[in-house]
file entry-v2.cif (mmCIF, C-alpha atoms)
data_query
loop_
_atom_site.label_atom_id
_atom_site.label_comp_id
_atom_site.auth_asym_id
_atom_site.auth_seq_id
_atom_site.Cartn_x
_atom_site.Cartn_y
_atom_site.Cartn_z
CA GLN A 46 -7.97 3.34 3.99
CA PRO A 47 -5.45 0.56 3.32
CA VAL A 48 -2.26 2.64 2.95
CA ALA A 49 -2.44 4.28 6.40
CA SER A 50 -3.39 0.92 7.90
CA LEU A 51 -0.49 -0.81 6.15
CA ALA A 52 1.90 1.86 7.40
CA ALA A 53 0.65 1.65 10.98
CA ILE A 54 0.95 -2.14 11.03
CA SER A 55 4.36 -2.25 9.33
CA HIS A 56 5.63 0.33 11.84
CA LYS A 57 4.81 -1.99 14.74
CA SER A 58 5.00 -5.43 13.15
CA PRO A 59 6.89 -5.61 9.85
CA GLU A 60 6.73 -9.40 10.01
CA THR A 61 2.93 -9.21 9.76
CA ILE A 62 3.29 -7.46 6.42
CA ARG A 63 6.00 -9.87 5.23
CA ASP A 64 3.79 -12.84 6.08
CA MET A 65 1.03 -11.47 3.82
CA PHE A 66 3.10 -12.08 0.69
CA ARG A 67 4.11 -15.13 -1.29
CA LYS A 68 5.98 -14.61 -4.56
CA HIS A 69 5.50 -16.97 -7.50
CA ARG A 70 7.96 -17.87 -10.24
CA ASP A 71 6.01 -15.93 -12.86
CA GLY A 72 6.49 -12.69 -10.87
CA SER A 73 2.96 -12.62 -9.47
CA TYR A 74 2.16 -12.53 -5.76
CA SER A 75 -0.38 -14.15 -3.47
CA LEU A 76 -1.56 -12.02 -0.55
CA THR A 77 -3.63 -13.09 2.43
CA PHE A 78 -6.39 -10.92 3.90
CA TYR A 79 -9.16 -11.66 6.37
CA GLY A 80 -12.88 -11.32 5.82
CA LYS A 81 -15.53 -11.23 8.52
CA THR A 82 -17.84 -14.20 8.85
CA ARG A 83 -20.69 -14.94 11.22
CA SER A 84 -20.41 -18.00 13.44
CA LEU A 85 -23.48 -20.18 13.89
CA LEU A 86 -22.48 -20.64 17.52
CA SER A 87 -21.84 -17.00 18.34
CA ALA A 88 -23.28 -13.58 17.53
CA ALA A 89 -19.76 -12.19 17.22
CA SER A 90 -17.99 -11.91 13.89
CA GLU A 91 -15.01 -14.11 13.15
CA PHE A 92 -12.29 -13.68 10.56
CA LYS A 93 -11.55 -16.09 7.76
CA ALA A 94 -8.40 -15.95 5.65
CA LYS A 95 -8.75 -15.36 1.92
CA THR A 96 -5.89 -15.39 -0.57
CA VAL A 97 -5.84 -13.25 -3.71
CA ARG A 98 -3.27 -13.35 -6.51
CA VAL A 99 -2.05 -10.25 -8.35
CA ASP A 100 0.64 -9.41 -10.89
CA ASN A 101 3.22 -6.63 -10.60
CA GLN A 102 1.62 -4.29 -13.16
CA PHE A 103 -0.04 -1.13 -11.86
CA PRO A 104 -2.42 1.51 -13.27
CA VAL A 105 -0.55 4.63 -14.44
CA ASP A 106 -1.55 8.03 -15.81
CA SER A 107 -0.52 9.58 -19.13
CA SER A 108 2.89 10.51 -17.71
CA GLY A 109 3.56 6.98 -16.52
CA SER A 110 3.11 7.80 -12.81
CA PRO A 111 1.11 5.39 -10.62
CA ILE A 112 -2.51 6.48 -10.20
CA PHE A 113 -2.83 4.99 -6.75
CA ALA A 114 -0.06 4.16 -4.26
CA GLY A 115 3.42 4.92 -5.54
CA VAL A 116 6.91 3.55 -5.07
CA ASN A 117 7.62 3.52 -1.36
CA ASP A 118 11.27 4.58 -1.28
CA ARG A 119 13.28 5.58 -4.35
CA ARG A 120 16.43 6.16 -2.30
CA LYS A 121 17.24 2.47 -2.22
CA SER A 122 18.95 0.53 -5.01
CA ALA A 123 15.72 -1.36 -5.71
CA PRO A 124 12.47 0.62 -5.23
CA GLU A 125 10.09 -0.84 -2.67
CA LEU A 126 6.89 -2.05 -4.32
CA TRP A 127 5.23 -3.73 -1.37
CA VAL A 128 2.78 -0.89 -0.70
CA MET A 129 1.64 -0.90 -4.34
CA LEU A 130 1.33 -4.69 -4.31
CA ALA A 131 -0.54 -4.70 -1.00
CA GLU A 132 -2.94 -2.02 -2.21
CA LYS A 133 -3.54 -3.93 -5.44
CA GLY A 134 -4.15 -7.09 -3.44
CA PHE A 135 -6.52 -5.25 -1.13
CA ALA A 136 -8.41 -3.90 -4.15
CA ALA A 137 -8.74 -7.47 -5.48
CA PHE A 138 -9.89 -8.61 -2.04
CA ARG A 139 -12.53 -5.86 -1.80
CA GLY A 140 -13.56 -5.99 -5.47
CA SER A 141 -11.73 -3.19 -7.28
CA TYR A 142 -9.67 -0.02 -6.84
CA VAL A 143 -12.95 1.90 -6.94
CA ASP A 144 -14.10 0.09 -3.81
CA ILE A 145 -11.09 1.32 -1.86
CA GLY A 146 -10.39 4.55 -3.73
CA PHE A 147 -12.36 6.88 -1.48
CA GLY A 148 -10.79 6.08 1.83
CA GLY A 149 -13.06 3.91 3.92
CA ARG A 150 -12.56 3.18 7.57
CA SER A 151 -9.05 2.28 8.61
CA ASP A 152 -10.27 0.17 11.52
CA GLN A 153 -11.85 -2.22 9.03
CA ALA A 154 -8.77 -2.16 6.79
CA MET A 155 -6.57 -3.12 9.75
CA GLU A 156 -8.94 -5.98 10.56
CA HIS A 157 -8.70 -7.25 6.98
CA ILE A 158 -4.90 -7.16 7.20
CA THR A 159 -4.43 -8.70 10.66
CA GLY A 160 -7.53 -10.82 11.19
CA VAL A 161 -7.88 -9.18 14.62
CA ARG A 162 -10.70 -6.89 15.71
CA SER A 163 -10.05 -3.13 15.84
CA GLU A 164 -11.50 -0.62 18.28
CA ARG A 165 -12.77 2.89 17.58
CA HIS A 166 -12.36 5.64 20.19
CA GLU A 167 -13.26 9.30 20.50
CA PRO A 168 -10.17 11.44 21.11
CA SER A 169 -12.01 13.56 23.69
CA LYS A 170 -12.30 10.45 25.88
CA LEU A 171 -8.66 9.37 25.55
CA SER A 172 -5.62 10.39 27.52
CA LEU A 173 -2.05 10.48 26.26
CA ASP A 174 -1.25 7.78 28.81
CA THR A 175 -3.77 5.47 27.14
CA LEU A 176 -2.37 6.21 23.68
CA ALA A 177 1.16 5.66 25.00
CA ALA A 178 0.14 2.35 26.56
CA TRP A 179 -1.26 1.10 23.24
CA ASP A 180 1.83 2.34 21.45
CA GLY A 181 4.09 0.62 23.98
CA LYS A 182 2.25 -2.67 23.53
CA GLY A 183 2.91 -2.57 19.81
CA HIS A 184 -0.64 -1.80 18.73
CA ALA A 185 -1.23 -0.18 15.35
CA ILE A 186 -2.95 3.21 15.71
CA THR A 187 -4.52 5.33 13.00
CA VAL A 188 -6.51 8.57 13.29
CA GLY A 189 -9.01 10.35 11.08
CA THR A 190 -8.97 14.14 10.83
CA LEU A 191 -12.12 16.21 10.80
CA PRO A 192 -13.69 17.13 7.44
CA LYS A 193 -12.96 20.51 5.90
CA GLY A 194 -15.38 23.19 7.03
CA THR A 195 -16.02 21.79 10.52
CA LYS A 196 -14.69 23.73 13.44
CA GLY A 197 -11.56 22.42 15.01
CA PRO A 198 -9.19 21.09 12.30
CA LEU A 199 -5.72 22.56 12.27
CA TYR A 200 -4.93 23.15 8.63
CA ASN A 201 -1.57 24.70 9.49
CA VAL A 202 0.07 23.31 12.57
CA ARG A 203 3.63 24.20 13.43
CA ASN A 204 6.05 25.52 10.80
CA ASP A 205 3.11 25.81 8.38
CA ARG A 206 2.89 22.05 7.96
CA PRO A 207 -0.65 21.28 6.87
CA LEU A 208 -2.85 18.72 8.57
CA VAL A 209 -4.98 17.38 5.74
CA PRO A 210 -8.72 17.42 6.49
CA ASN A 211 -10.84 14.28 6.14
CA HIS A 212 -7.69 12.16 5.93
CA VAL A 213 -6.20 9.19 7.78
CA TYR A 214 -2.80 9.41 9.47
CA TRP A 215 -0.95 6.80 11.48
CA VAL A 216 0.54 7.40 14.91
CA GLN A 217 4.32 7.26 14.84
CA SER A 218 4.97 8.00 18.50
CA VAL A 219 3.49 9.30 21.74
CA ASP A 220 5.63 11.36 24.13
CA THR A 221 3.96 11.66 27.53
CA ALA A 222 6.88 13.67 28.94
CA ARG A 223 6.35 16.40 26.34
CA GLY A 224 2.60 15.83 26.08
CA THR A 225 2.64 15.28 22.31
CA VAL A 226 1.51 12.86 19.60
CA THR A 227 3.43 12.59 16.32
CA LEU A 228 1.41 11.66 13.24
CA ALA A 229 2.71 10.41 9.90
CA ASN A 230 1.01 10.92 6.56
CA PRO A 231 0.73 7.71 4.47
CA TRP A 232 1.28 9.72 1.27
CA GLY A 233 4.99 8.93 1.46
CA TRP A 234 8.32 9.24 3.24
CA ARG A 235 8.81 12.78 1.86
CA THR A 236 5.79 14.13 3.76
CA ASP A 237 6.48 15.89 7.05
CA ARG A 238 5.56 14.38 10.36
CA VAL A 239 3.12 16.50 12.36
CA THR A 240 3.50 16.74 16.13
CA LEU A 241 0.43 17.83 18.08
CA THR A 242 -0.11 18.73 21.69
CA GLU A 243 -2.81 16.82 23.52
CA ALA A 244 -5.19 19.79 23.13
CA GLU A 245 -4.46 20.08 19.40
CA PHE A 246 -4.90 16.34 18.96
CA ARG A 247 -8.35 16.43 20.53
CA ARG A 248 -9.38 19.44 18.43
CA ALA A 249 -8.16 18.14 15.08
CA ILE A 250 -8.90 14.41 15.28
CA GLU A 251 -12.34 12.90 14.78
CA ASP A 252 -11.66 9.20 15.35
CA VAL A 253 -8.91 7.02 16.79
CA TYR A 254 -8.61 3.42 15.60
CA VAL A 255 -6.53 0.80 17.41
CA ASN A 256 -5.63 -2.73 16.33
CA PRO A 257 -3.57 -5.04 18.58
CA ILE A 258 -2.27 -6.92 15.48
CA ARG A 259 -2.09 -10.16 17.46
CA LEU A 260 -4.42 -11.67 20.02
#

call {"tool": "encode", "arguments": {"input": "entry-v2.cif", "output": "structure tokens"}}
result
Amino acid sequence: QPVASLAAISHKSPETIRDMFRKHRDGSYSLTFYGKTRSLLSAASEFKAKTVRVDNQFPVDSSGSPIFAGVNDRRKSAPELWVMLAEKGFAAFRGSYVDIGFGGRSDQAMEHITGVRSERHEPSKLSLDTLAAWDGKGHAITVGTLPKGTKGPLYNVRNDRPLVPNHVYWVQSVDTARGTVTLANPWGWRTDRVTLTEAEFRRAIEDVYVNPIRL
């Protein structure tokens, strides 16, 4: 799930995203990702940088709209293309758009972007204080909602704002004073933020993924 992972990391460390890119004179870009490798001296996985090169042309449908990630912010004088470029680079890194087109685990996507190991946690075993501590340290946090049809997901939270099932959000903020977690949908800046109480968060979220971005 590269788009939610990109959003979570850029929220906490925009320089990490900037450092991924190198623009060439012909308009193409080189992007650096990290693949897992096994060390002969250790059973633990290590990360090795790999650079891919992509152009600035993107798949579109019959109406000319991007099939995958779209323009990040049309309100500015020059539309932001970094999400589309990063997704295209990630597709080249993984093999193709098909290989990343059905979500995948955002903990692994964050590892490929940062070169730092992610952790997976069950929301029932987490407190808001723990989430707030990670948030305060500048860690990137993403969450996966429960699939449709399982008991627990909140399809309409407050003000009839839907929480999409079987989807990855990124954590925008944690407010321990109010006892809430605010989630952002990676589908774009026009989508509403969703604020959940601690009880709602535990009912609606299946997995919590945390990446420290830097060691």

call {"tool": "closest_residue", "arguments": {"input": "entry-v2.cif", "among": "A:Ser108, A:Asn256, A:Thr227, A:Thr82", "to": "A:Val161", "atoms": "all atoms listed in the file"}}
result
A:Asn256

call {"tool": "resolve_selection", "arguments": {"input": "entry-v2.cif", "expression": "the PyMOL selection byres ((chain A and resi 260) around 12)", "output": "PyMOL selection string"}}
result
chain A and resi 156+159-163+182-184+256-259

call {"tool": "atom_distance", "arguments": {"input": "entry-v2.cif", "atom1": "atom CA of A:Thr187", "atom2": "atom CA of A:Arg238"}}
result
13.8 Å

call {"tool": "resolve_selection", "arguments": {"input": "entry-v2.cif", "expression": "the PyMOL selection byres ((chain A and resi 66-78) around 6)", "output": "MDAnalysis selection string"}}
result
chainID A and resid 63:65 79 94:100 157:158

call {"tool": "resolve_selection", "arguments": {"input": "entry-v2.cif", "expression": "the PyMOL selection byres ((chain A and resi 173) around 9)", "output": "ChimeraX atom specification"}}
result
/A:171-172,174-178,219-221,224-226,243

call {"tool": "atom_distance", "arguments": {"input": "entry-v2.cif", "atom1": "atom CA of A:Glu245", "atom2": "atom CA of A:Pro210"}}
result
13.9 Å

call {"tool": "atom_distance", "arguments": {"input": "entry-v2.cif", "atom1": "atom CA of A:Pro168", "atom2": "atom CA of A:Lys57"}}
result
21.1 Å

call {"tool": "residues_around", "arguments": {"input": "entry-v2.cif", "residues": "stretch 48-52 of chain A", "least_positions_apart": "4", "cutoff": "8 Å", "atoms": "all atoms listed in the file", "output": "NGL selection string"}}
result
:A and (56 or 62 or 114 or 128 or 132 or 151-152 or 154-155 or 158 or 185 or 187 or 213-215 or 230-231)

call {"tool": "closest_residue", "arguments": {"input": "entry-v2.cif", "among": "A:Lys81, A:Pro59, A:Gln217, A:Asp237", "to": "A:Asp180", "atoms": "all atoms listed in the file"}}
result
A:Gln217

call {"tool": "build_atoms", "arguments": {"input": "entry-v2.cif", "residues": "stretch 68-79 of chain A", "atoms": "all heavy atoms", "output": "compact mmCIF listing (two decimals), keeping the file's coordinate frame"}}
result
# COMPACT_ATOMS: atom_id res chain seq x y z
N LYS A 68 5.63 -14.89 -3.17
CA LYS A 68 5.98 -14.61 -4.56
C LYS A 68 6.03 -15.90 -5.37
O LYS A 68 6.54 -16.92 -4.91
CB LYS A 68 7.33 -13.90 -4.63
CG LYS A 68 7.69 -13.41 -6.03
CD LYS A 68 8.98 -12.61 -6.04
CE LYS A 68 9.30 -12.10 -7.44
NZ LYS A 68 10.54 -11.28 -7.46
N HIS A 69 5.50 -15.82 -6.60
CA HIS A 69 5.50 -16.97 -7.50
C HIS A 69 6.57 -16.80 -8.58
O HIS A 69 7.06 -15.70 -8.83
CB HIS A 69 4.12 -17.13 -8.14
CG HIS A 69 3.03 -17.32 -7.13
ND1 HIS A 69 2.82 -18.50 -6.45
CD2 HIS A 69 2.07 -16.45 -6.66
CE1 HIS A 69 1.80 -18.37 -5.62
NE2 HIS A 69 1.33 -17.13 -5.73
N ARG A 70 6.89 -17.89 -9.24
CA ARG A 70 7.96 -17.87 -10.24
C ARG A 70 7.65 -16.96 -11.42
O ARG A 70 8.55 -16.44 -12.07
CB ARG A 70 8.21 -19.30 -10.75
CG ARG A 70 8.83 -20.22 -9.70
CD ARG A 70 9.11 -21.59 -10.29
NE ARG A 70 9.74 -22.47 -9.31
CZ ARG A 70 10.08 -23.72 -9.56
NH1 ARG A 70 9.85 -24.25 -10.76
NH2 ARG A 70 10.65 -24.46 -8.61
N ASP A 71 6.37 -16.76 -11.72
CA ASP A 71 6.01 -15.93 -12.86
C ASP A 71 6.02 -14.44 -12.51
O ASP A 71 5.66 -13.59 -13.34
CB ASP A 71 4.65 -16.33 -13.41
CG ASP A 71 3.52 -16.13 -12.40
OD1 ASP A 71 3.79 -15.69 -11.26
OD2 ASP A 71 2.35 -16.42 -12.75
N GLY A 72 6.43 -14.09 -11.28
CA GLY A 72 6.49 -12.69 -10.87
C GLY A 72 5.22 -12.19 -10.20
O GLY A 72 5.20 -11.04 -9.73
N SER A 73 4.19 -13.01 -10.15
CA SER A 73 2.96 -12.62 -9.47
C SER A 73 3.09 -12.89 -7.97
O SER A 73 4.05 -13.54 -7.51
CB SER A 73 1.76 -13.37 -10.04
OG SER A 73 1.87 -14.76 -9.79
N TYR A 74 2.13 -12.39 -7.21
CA TYR A 74 2.16 -12.53 -5.76
C TYR A 74 0.81 -12.99 -5.25
O TYR A 74 -0.24 -12.57 -5.75
CB TYR A 74 2.49 -11.19 -5.09
CG TYR A 74 3.89 -10.69 -5.34
CD1 TYR A 74 4.21 -10.03 -6.52
CD2 TYR A 74 4.90 -10.87 -4.39
CE1 TYR A 74 5.50 -9.56 -6.76
CE2 TYR A 74 6.19 -10.41 -4.63
CZ TYR A 74 6.48 -9.75 -5.81
OH TYR A 74 7.74 -9.30 -6.04
N SER A 75 0.83 -13.82 -4.22
CA SER A 75 -0.38 -14.15 -3.47
C SER A 75 -0.33 -13.38 -2.15
O SER A 75 0.72 -13.30 -1.51
CB SER A 75 -0.46 -15.65 -3.17
OG SER A 75 -0.70 -16.38 -4.35
N LEU A 76 -1.47 -12.77 -1.80
CA LEU A 76 -1.56 -12.02 -0.55
C LEU A 76 -2.75 -12.53 0.25
O LEU A 76 -3.80 -12.85 -0.32
CB LEU A 76 -1.74 -10.53 -0.82
CG LEU A 76 -0.58 -9.80 -1.47
CD1 LEU A 76 -0.72 -9.78 -2.98
CD2 LEU A 76 -0.48 -8.37 -0.94
N THR A 77 -2.58 -12.59 1.55
CA THR A 77 -3.63 -13.09 2.43
C THR A 77 -4.27 -11.95 3.20
O THR A 77 -3.57 -11.15 3.84
CB THR A 77 -3.07 -14.12 3.42
OG1 THR A 77 -2.51 -15.22 2.68
CG2 THR A 77 -4.18 -14.65 4.33
N PHE A 78 -5.60 -11.87 3.12
CA PHE A 78 -6.39 -10.92 3.90
C PHE A 78 -7.43 -11.72 4.68
O PHE A 78 -7.54 -12.93 4.53
CB PHE A 78 -7.05 -9.90 2.98
CG PHE A 78 -6.08 -9.02 2.24
CD1 PHE A 78 -5.68 -9.34 0.94
CD2 PHE A 78 -5.55 -7.89 2.84
CE1 PHE A 78 -4.77 -8.54 0.26
CE2 PHE A 78 -4.64 -7.09 2.17
CZ PHE A 78 -4.25 -7.42 0.87
N TYR A 79 -8.18 -11.00 5.51
CA TYR A 79 -9.16 -11.66 6.37
C TYR A 79 -10.52 -11.01 6.23
O TYR A 79 -10.65 -9.79 6.40
CB TYR A 79 -8.70 -11.62 7.84
CG TYR A 79 -7.41 -12.35 8.07
CD1 TYR A 79 -6.18 -11.71 7.88
CD2 TYR A 79 -7.41 -13.69 8.43
CE1 TYR A 79 -4.98 -12.38 8.07
CE2 TYR A 79 -6.21 -14.38 8.62
CZ TYR A 79 -5.01 -13.72 8.44
OH TYR A 79 -3.82 -14.39 8.61
